[in-house]
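Structure file data04.pdb (PDB, C-alpha atoms) follows.
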ATOM      1  CA  MET A1065      11.392  27.761 -13.050  1.00  0.00           C
ATOM      2  CA  ALA A1066      11.463  28.145  -9.270  1.00  0.00           C
ATOM      3  CA  LYS A1067      14.560  27.060  -7.449  1.00  0.00           C
ATOM      4  CA  ARG A1068      14.107  24.198  -5.062  1.00  0.00           C
ATOM      5  CA  LYS A1069      15.062  25.260  -1.577  1.00  0.00           C
ATOM      6  CA  THR A1070      17.748  23.013  -0.141  1.00  0.00           C
ATOM      7  CA  THR A1071      17.335  22.320   3.511  1.00  0.00           C
ATOM      8  CA  SER A1072      19.800  21.196   6.097  1.00  0.00           C
ATOM      9  CA  PRO A1073      19.542  17.571   7.197  1.00  0.00           C
ATOM     10  CA  TYR A1074      19.755  18.910  10.737  1.00  0.00           C
ATOM     11  CA  GLU A1075      16.386  20.653  10.443  1.00  0.00           C
ATOM     12  CA  LEU A1076      14.677  17.488  11.666  1.00  0.00           C
ATOM     13  CA  LEU A1077      16.701  17.590  14.856  1.00  0.00           C
ATOM     14  CA  ILE A1078      15.979  21.298  15.302  1.00  0.00           C
ATOM     15  CA  TYR A1079      12.235  20.659  14.830  1.00  0.00           C
ATOM     16  CA  LEU A1080      12.319  17.817  17.345  1.00  0.00           C
ATOM     17  CA  LEU A1081      14.036  20.011  19.926  1.00  0.00           C
ATOM     18  CA  ALA A1082      11.699  22.931  19.210  1.00  0.00           C
ATOM     19  CA  LEU A1083       8.737  20.609  19.768  1.00  0.00           C
ATOM     20  CA  MET A1084      10.201  19.389  23.071  1.00  0.00           C
ATOM     21  CA  TRP A1085      10.868  22.935  24.283  1.00  0.00           C
ATOM     22  CA  GLY A1086       7.432  24.110  23.156  1.00  0.00           C
ATOM     23  CA  ILE A1087       5.779  21.268  25.053  1.00  0.00           C
ATOM     24  CA  GLU A1088       7.899  22.041  28.117  1.00  0.00           C
ATOM     25  CA  ILE A1089       6.772  25.688  28.079  1.00  0.00           C
ATOM     26  CA  VAL A1090       3.127  24.607  27.903  1.00  0.00           C
ATOM     27  CA  ASN A1091       3.793  21.995  30.597  1.00  0.00           C
ATOM     28  CA  LEU A1092       5.275  24.687  32.865  1.00  0.00           C
ATOM     29  CA  PHE A1093       2.045  26.662  32.686  1.00  0.00           C
ATOM     30  CA  LEU A1094       0.083  23.474  33.407  1.00  0.00           C
ATOM     31  CA  GLU A1095       2.271  22.703  36.451  1.00  0.00           C
ATOM     32  CA  HIS A1096       3.653  19.649  34.624  1.00  0.00           C
ATOM     33  CA  GLN A1097       0.261  17.963  34.379  1.00  0.00           C
ATOM     34  CA  LEU A1098       1.208  16.727  30.894  1.00  0.00           C
ATOM     35  CA  CYS A1099       3.675  14.309  32.511  1.00  0.00           C
ATOM     36  CA  ARG A1100       0.755  12.016  33.253  1.00  0.00           C
ATOM     37  CA  PHE A1101       0.889  11.249  29.520  1.00  0.00           C
ATOM     38  CA  GLY A1102       4.266   9.606  30.064  1.00  0.00           C
ATOM     39  CA  ILE A1103       4.802   5.873  30.362  1.00  0.00           C
ATOM     40  CA  PHE A1104       3.268   4.328  33.461  1.00  0.00           C
ATOM     41  CA  PRO A1105       4.358   0.666  33.253  1.00  0.00           C
ATOM     42  CA  ARG A1106       1.860  -2.127  32.760  1.00  0.00           C
ATOM     43  CA  THR A1107      -1.213   0.109  32.498  1.00  0.00           C
ATOM     44  CA  ALA A1108      -3.398   0.916  29.505  1.00  0.00           C
ATOM     45  CA  GLN A1109      -2.738   4.642  29.966  1.00  0.00           C
ATOM     46  CA  GLY A1110       0.987   3.881  30.067  1.00  0.00           C
ATOM     47  CA  LEU A1111       0.772   2.342  26.596  1.00  0.00           C
ATOM     48  CA  VAL A1112      -0.589   5.638  25.302  1.00  0.00           C
ATOM     49  CA  GLY A1113       2.467   7.315  26.831  1.00  0.00           C
ATOM     50  CA  ILE A1114       4.988   5.365  24.740  1.00  0.00           C
ATOM     51  CA  PRO A1115       5.098   7.792  21.779  1.00  0.00           C
ATOM     52  CA  PHE A1116       4.729  10.883  24.001  1.00  0.00           C
ATOM     53  CA  SER A1117       7.223  10.119  26.750  1.00  0.00           C
ATOM     54  CA  PRO A1118      10.354  11.343  24.868  1.00  0.00           C
ATOM     55  CA  LEU A1119       8.669  14.707  24.281  1.00  0.00           C
ATOM     56  CA  LEU A1120       7.748  15.298  27.943  1.00  0.00           C
ATOM     57  CA  HIS A1121      10.138  16.370  30.692  1.00  0.00           C
ATOM     58  CA  ALA A1122       9.926  16.803  34.444  1.00  0.00           C
ATOM     59  CA  GLY A1123      11.172  20.376  34.248  1.00  0.00           C
ATOM     60  CA  VAL A1124      13.321  22.872  32.380  1.00  0.00           C
ATOM     61  CA  ALA A1125      16.512  21.526  33.992  1.00  0.00           C
ATOM     62  CA  HIS A1126      15.605  17.998  32.878  1.00  0.00           C
ATOM     63  CA  LEU A1127      15.109  19.110  29.268  1.00  0.00           C
ATOM     64  CA  PHE A1128      18.191  21.322  29.373  1.00  0.00           C
ATOM     65  CA  LEU A1129      20.329  18.356  30.452  1.00  0.00           C
ATOM     66  CA  ASN A1130      18.888  16.246  27.621  1.00  0.00           C
ATOM     67  CA  THR A1131      19.293  18.903  24.923  1.00  0.00           C
ATOM     68  CA  GLY A1132      23.093  18.744  24.482  1.00  0.00           C
ATOM     69  CA  PRO A1133      23.416  14.962  24.146  1.00  0.00           C
ATOM     70  CA  LEU A1134      20.343  14.865  21.913  1.00  0.00           C
ATOM     71  CA  ILE A1135      21.927  17.423  19.566  1.00  0.00           C
ATOM     72  CA  VAL A1136      25.336  15.743  19.415  1.00  0.00           C
ATOM     73  CA  LEU A1137      24.216  12.111  19.180  1.00  0.00           C
ATOM     74  CA  GLY A1138      21.301  12.979  16.881  1.00  0.00           C
ATOM     75  CA  ALA A1139      23.681  14.881  14.589  1.00  0.00           C
ATOM     76  CA  LEU A1140      26.012  11.866  14.481  1.00  0.00           C
ATOM     77  CA  ILE A1141      23.109   9.701  13.319  1.00  0.00           C
ATOM     78  CA  LEU A1142      22.133  12.350  10.772  1.00  0.00           C
ATOM     79  CA  PHE A1143      25.565  11.912   9.137  1.00  0.00           C
ATOM     80  CA  ASN A1144      24.013   8.766   7.655  1.00  0.00           C
ATOM     81  CA  GLY A1145      20.942  10.546   6.296  1.00  0.00           C
ATOM     82  CA  ARG A1146      17.515  11.850   7.230  1.00  0.00           C
ATOM     83  CA  ALA A1147      15.625   8.658   6.510  1.00  0.00           C
ATOM     84  CA  LEU A1148      17.883   6.685   8.830  1.00  0.00           C
ATOM     85  CA  PHE A1149      17.473   9.335  11.527  1.00  0.00           C
ATOM     86  CA  VAL A1150      13.679   9.135  11.280  1.00  0.00           C
ATOM     87  CA  ARG A1151      13.634   5.319  11.217  1.00  0.00           C
ATOM     88  CA  SER A1152      16.013   4.995  14.165  1.00  0.00           C
ATOM     89  CA  THR A1153      14.252   7.692  16.207  1.00  0.00           C
ATOM     90  CA  VAL A1154      10.815   6.133  15.756  1.00  0.00           C
ATOM     91  CA  PHE A1155      12.161   2.619  16.367  1.00  0.00           C
ATOM     92  CA  ILE A1156      14.040   3.610  19.536  1.00  0.00           C
ATOM     93  CA  ALA A1157      11.113   5.627  20.909  1.00  0.00           C
ATOM     94  CA  LEU A1158       8.584   2.837  20.335  1.00  0.00           C
ATOM     95  CA  VAL A1159      10.687  -0.242  21.169  1.00  0.00           C
ATOM     96  CA  GLY A1160      12.477   1.466  24.067  1.00  0.00           C
ATOM     97  CA  GLY A1161       9.139   2.798  25.322  1.00  0.00           C
ATOM     98  CA  LEU A1162       7.591  -0.661  25.155  1.00  0.00           C
ATOM     99  CA  GLY A1163      10.554  -1.985  27.136  1.00  0.00           C
ATOM    100  CA  ILE A1164       9.990   0.663  29.810  1.00  0.00           C
ATOM    101  CA  TRP A1165       6.296  -0.238  29.887  1.00  0.00           C
ATOM    102  CA  LEU A1166       7.186  -3.908  30.407  1.00  0.00           C
ATOM    103  CA  VAL A1167       9.960  -3.633  33.031  1.00  0.00           C
ATOM    104  CA  GLY A1168       9.813  -0.129  34.527  1.00  0.00           C
ATOM    105  CA  ARG A1169       9.033   0.763  38.113  1.00  0.00           C
ATOM    106  CA  PRO A1170       5.456   1.911  38.813  1.00  0.00           C
ATOM    107  CA  ALA A1171       6.014   5.625  38.195  1.00  0.00           C
ATOM    108  CA  TYR A1172       5.675   8.007  35.278  1.00  0.00           C
ATOM    109  CA  HIS A1173       8.696   7.734  32.971  1.00  0.00           C
ATOM    110  CA  VAL A1174       9.252  10.872  30.874  1.00  0.00           C
ATOM    111  CA  GLY A1175      12.115  12.484  29.029  1.00  0.00           C
ATOM    112  CA  ALA A1176      14.356  12.092  26.025  1.00  0.00           C
ATOM    113  CA  SER A1177      16.929  10.074  27.973  1.00  0.00           C
ATOM    114  CA  ALA A1178      15.767   6.755  26.507  1.00  0.00           C
ATOM    115  CA  LEU A1179      16.127   8.290  23.048  1.00  0.00           C
ATOM    116  CA  ILE A1180      19.603   9.621  23.911  1.00  0.00           C
ATOM    117  CA  PHE A1181      20.736   6.238  25.225  1.00  0.00           C
ATOM    118  CA  GLY A1182      19.163   4.676  22.145  1.00  0.00           C
ATOM    119  CA  TYR A1183      21.157   6.935  19.842  1.00  0.00           C
ATOM    120  CA  PHE A1184      24.302   6.076  21.816  1.00  0.00           C
ATOM    121  CA  GLY A1185      23.621   2.322  21.583  1.00  0.00           C
ATOM    122  CA  TYR A1186      22.783   2.651  17.891  1.00  0.00           C
ATOM    123  CA  LEU A1187      26.027   4.440  17.074  1.00  0.00           C
ATOM    124  CA  LEU A1188      28.166   1.957  19.000  1.00  0.00           C
ATOM    125  CA  ALA A1189      26.414  -1.068  17.505  1.00  0.00           C
ATOM    126  CA  LYS A1190      26.544   0.378  13.986  1.00  0.00           C
ATOM    127  CA  GLY A1191      30.299   0.806  14.359  1.00  0.00           C
ATOM    128  CA  LEU A1192      30.662  -2.816  15.419  1.00  0.00           C
ATOM    129  CA  PHE A1193      28.234  -4.232  12.849  1.00  0.00           C
ATOM    130  CA  ASP A1194      29.430  -2.207   9.831  1.00  0.00           C
ATOM    131  CA  ARG A1195      33.153  -2.275  10.590  1.00  0.00           C
ATOM    132  CA  ARG A1196      33.590   0.577   8.143  1.00  0.00           C
ATOM    133  CA  VAL A1197      35.974   3.401   8.941  1.00  0.00           C
ATOM    134  CA  LYS A1198      33.204   6.020   8.945  1.00  0.00           C
ATOM    135  CA  SER A1199      30.963   4.030  11.314  1.00  0.00           C
ATOM    136  CA  LEU A1200      33.847   3.146  13.631  1.00  0.00           C
ATOM    137  CA  PHE A1201      34.991   6.765  13.700  1.00  0.00           C
ATOM    138  CA  ILE A1202      31.485   7.977  14.550  1.00  0.00           C
ATOM    139  CA  ALA A1203      31.242   5.341  17.309  1.00  0.00           C
ATOM    140  CA  LEU A1204      34.565   6.537  18.747  1.00  0.00           C
ATOM    141  CA  VAL A1205      33.377  10.156  18.651  1.00  0.00           C
ATOM    142  CA  ALA A1206      30.202   9.114  20.511  1.00  0.00           C
ATOM    143  CA  ILE A1207      32.268   7.301  23.155  1.00  0.00           C
ATOM    144  CA  ALA A1208      34.678  10.227  23.507  1.00  0.00           C
ATOM    145  CA  ALA A1209      31.827  12.707  23.877  1.00  0.00           C
ATOM    146  CA  TYR A1210      29.409  10.639  25.975  1.00  0.00           C
ATOM    147  CA  GLY A1211      31.168   7.532  27.271  1.00  0.00           C
ATOM    148  CA  GLY A1212      29.996   8.532  30.732  1.00  0.00           C
ATOM    149  CA  LEU A1213      26.505   7.449  29.688  1.00  0.00           C
ATOM    150  CA  PHE A1214      27.483   3.894  30.590  1.00  0.00           C
ATOM    151  CA  TRP A1215      27.087   4.925  34.260  1.00  0.00           C
ATOM    152  CA  GLY A1216      23.492   5.882  33.510  1.00  0.00           C
ATOM    153  CA  LEU A1217      22.709   2.237  32.808  1.00  0.00           C
ATOM    154  CA  LEU A1218      23.077   1.534  36.530  1.00  0.00           C
ATOM    155  CA  PRO A1219      20.368   2.188  39.147  1.00  0.00           C
ATOM    156  CA  THR A1220      22.289   4.878  41.029  1.00  0.00           C
ATOM    157  CA  VAL A1221      19.651   7.586  41.618  1.00  0.00           C
ATOM    158  CA  SER A1222      16.105   6.749  42.708  1.00  0.00           C
ATOM    159  CA  TYR A1223      14.366   9.487  40.710  1.00  0.00           C
ATOM    160  CA  VAL A1224      16.137   8.681  37.416  1.00  0.00           C
ATOM    161  CA  SER A1225      14.595   6.101  35.094  1.00  0.00           C
ATOM    162  CA  TRP A1226      17.608   3.863  34.641  1.00  0.00           C
ATOM    163  CA  GLU A1227      15.113   1.406  33.143  1.00  0.00           C
ATOM    164  CA  GLY A1228      14.526   3.963  30.399  1.00  0.00           C
ATOM    165  CA  HIS A1229      18.259   4.260  29.848  1.00  0.00           C
ATOM    166  CA  VAL A1230      18.708   0.478  29.589  1.00  0.00           C
ATOM    167  CA  CYS A1231      15.646  -0.008  27.374  1.00  0.00           C
ATOM    168  CA  GLY A1232      16.655   2.878  25.116  1.00  0.00           C
ATOM    169  CA  PHE A1233      20.225   1.572  24.835  1.00  0.00           C
ATOM    170  CA  GLY A1234      18.948  -1.903  23.965  1.00  0.00           C
ATOM    171  CA  ALA A1235      16.475  -0.473  21.446  1.00  0.00           C
ATOM    172  CA  GLY A1236      19.335   1.440  19.805  1.00  0.00           C
ATOM    173  CA  ILE A1237      21.399  -1.723  19.450  1.00  0.00           C
ATOM    174  CA  LEU A1238      18.365  -3.538  18.057  1.00  0.00           C
ATOM    175  CA  ALA A1239      17.727  -0.651  15.634  1.00  0.00           C
ATOM    176  CA  ALA A1240      21.306  -0.908  14.321  1.00  0.00           C
ATOM    177  CA  TRP A1241      20.964  -4.677  13.930  1.00  0.00           C
ATOM    178  CA  THR A1242      17.621  -4.252  12.130  1.00  0.00           C
ATOM    179  CA  GLU A1243      19.109  -1.595   9.843  1.00  0.00           C
ATOM    180  CA  ARG A1244      22.017  -3.909   9.032  1.00  0.00           C
ATOM    181  CA  ARG A1245      19.622  -6.711   8.076  1.00  0.00           C
ATOM    182  CA  ARG A1246      17.552  -4.266   6.018  1.00  0.00           C
ATOM    183  CA  LYS A1247      20.628  -3.224   4.024  1.00  0.00           C
ATOM    184  CA  ARG A1248      21.590  -6.831   3.340  1.00  0.00           C
ATOM    185  CA  ARG A1249      18.279  -7.507   1.550  1.00  0.00           C
TER     186      ARG A1249
END
Please, can you express the file's structure as structure tokens?
Amino acid sequence: MAKRKTTSPYELLIYLLALMWGIEIVNLFLEHQLCRFGIFPRTAQGLVGIPFSPLLHAGVAHLFLNTGPLIVLGALILFNGRALFVRSTVFIALVGGLGIWLVGRPAYHVGASALIFGYFGYLLAKGLFDRRVKSLFIALVAIAAYGGLFWGLLPTVSYVSWEGHVCGFGAGILAAWTERRRKRR
């Protein structure tokens, strides 16, 4: 009988990051023409960008700055299991992306920042909703590591999609609330 290979729950996060970096390398060679597949608010093409926007970045520095928080906050969500990570990631990307499409400035919105802020909002809300020691501890770790993200919810820099940050954060809170209701059933 063949042994079943056990895989790390963090493989999903590694695959997601590998996909983002692979797309960024291709995008570099295409002079970032793939960014037009991001979210352009209130346009039909912008709707198509909702699932792709978190995978696209405006440059290597942009993706580099998103990589660390994505690893840490994604890993904190993975403490609760792969299925939850997948559900929350898809929910945040789609609901946060729809929010950007509805309220964003007329520009291309790309990057994993909405997903990062969504993970942050999810972890904080889960700590408050669950009120279990594990969830509260994880929320405190997220605040200790990335509490400065709260400043990103403000429109401080013109070229940063603070709308994406706010929509992602809200989508994360909504994802935690939805997950809580799902568990109660």
Query raised in the report: Applied to the shown file, which residues does the PyMOL selection byres ((chain A and resi 1164) around 8) return, written as number ranges by chain?
Result: A: 1103, 1105, 1160-1163, 1165-1168, 1173, 1227-1228, 1231
Query raised in the report: Of the residues A:Leu1148, A:Leu1213, A:Val1174, A:Ala1208, which is the one nearest to Gln1097 in chain A, using only C-alpha atoms?
Result: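 Under the stated criterion, the closest residue is A:Val1174.
Atom pair CA of Leu1187 in chain A / CA of Gly1145 in chain A has a distance of 13.4 Å (rounded to one decimal).
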Report task. Mind checking which residues fall within 10 Å of Leu1092 in chain A, counting all atoms listed in the file, ignoring those fewer than 6 positions away in the same chain, and posting them as a ChimeraX atom specification? Result -> /A:1086,1098,1121-1124
Report task. Spell out the residues picked by the PyMOL selection byres ((chain A and resi 1201) around 12) here, as a ChimeraX atom specification. Result -> /A:1140,1143,1187-1188,1190-1192,1194-1200,1202-1208
Spatial neighbours of Val1230 in chain A, max dist 9 Å, only C-alpha atoms, sep filter under 5 positions, as a short mmCIF file (atom, residue, chain, number, x, y, z; two decimals) with C-alpha atoms, in the frame of the given file:
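Result saved to selection-v2.cif:
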data_model
loop_
_atom_site.label_atom_id
_atom_site.label_comp_id
_atom_site.auth_asym_id
_atom_site.auth_seq_id
_atom_site.Cartn_x
_atom_site.Cartn_y
_atom_site.Cartn_z
CA GLY A 1160 12.48 1.47 24.07
CA GLY A 1163 10.55 -1.98 27.14
CA ILE A 1164 9.99 0.66 29.81
CA ALA A 1178 15.77 6.76 26.51
CA PHE A 1181 20.74 6.24 25.22
CA GLY A 1182 19.16 4.68 22.14
CA GLY A 1216 23.49 5.88 33.51
CA LEU A 1217 22.71 2.24 32.81
CA LEU A 1218 23.08 1.53 36.53
CA SER A 1225 14.60 6.10 35.09
CA ALA A 1235 16.48 -0.47 21.45
#
Query raised in the report: Care to translate the PyMOL selection byres ((chain A and resi 1154) around 12) into actual residues of this file, as JSON, numbers by chain?
Result: {"A": [1080, 1114, 1115, 1116, 1118, 1147, 1148, 1149, 1150, 1151, 1152, 1153, 1155, 1156, 1157, 1158, 1159, 1160, 1161, 1178, 1179, 1182, 1183, 1232, 1235, 1236, 1239]}
Query raised in the report: With only C-alpha atoms as the basis for distance, which of A:Phe1193, A:Phe1233, A:Trp1226, A:Trp1085 is at the shortest distance from His1126 in chain A?
Result: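 Closest residue, counting only C-alpha atoms: A:Trp1085.
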Query raised in the report: Nearest to Leu1134 in chain A: which of A:Gly1234, A:Pro1219, A:Gly1212, A:Gly1175 is it, counting all atoms listed in the file?
Result: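 The answer is A:Gly1175, which sits nearest to Leu1134 in chain A.
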Report summary line: Correct to one decimal, the distance CA of Gly1132 in chain A-CA of Tyr1079 in chain A is 14.7 Å
Report task. Return the single residue from A:His1229, A:Arg1106, A:Arg1249, A:His1096 that is closest to Ile1180 in chain A, with distances computed using only C-alpha atoms. Result ->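 Of A:His1229, A:Arg1106, A:Arg1249, A:His1096, the one nearest Ile1180 in chain A is A:His1229, counting only C-alpha atoms.
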Query raised in the report: Which value, in Å to one decimal, gives the distance between CA of Thr1107 in chain A and CA of Val1224 in chain A?
Result: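 Computing the Euclidean distance for CA of Thr1107 in chain A and CA of Val1224 in chain A yields 20.0 Å.
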Query - Spatial neighbours of Phe1104 in chain A, max dist 6 Å, all atoms listed in the file, sep filter under 3 positions, as a VMD selection string - result: chain A and resid 1110 1171 to 1172
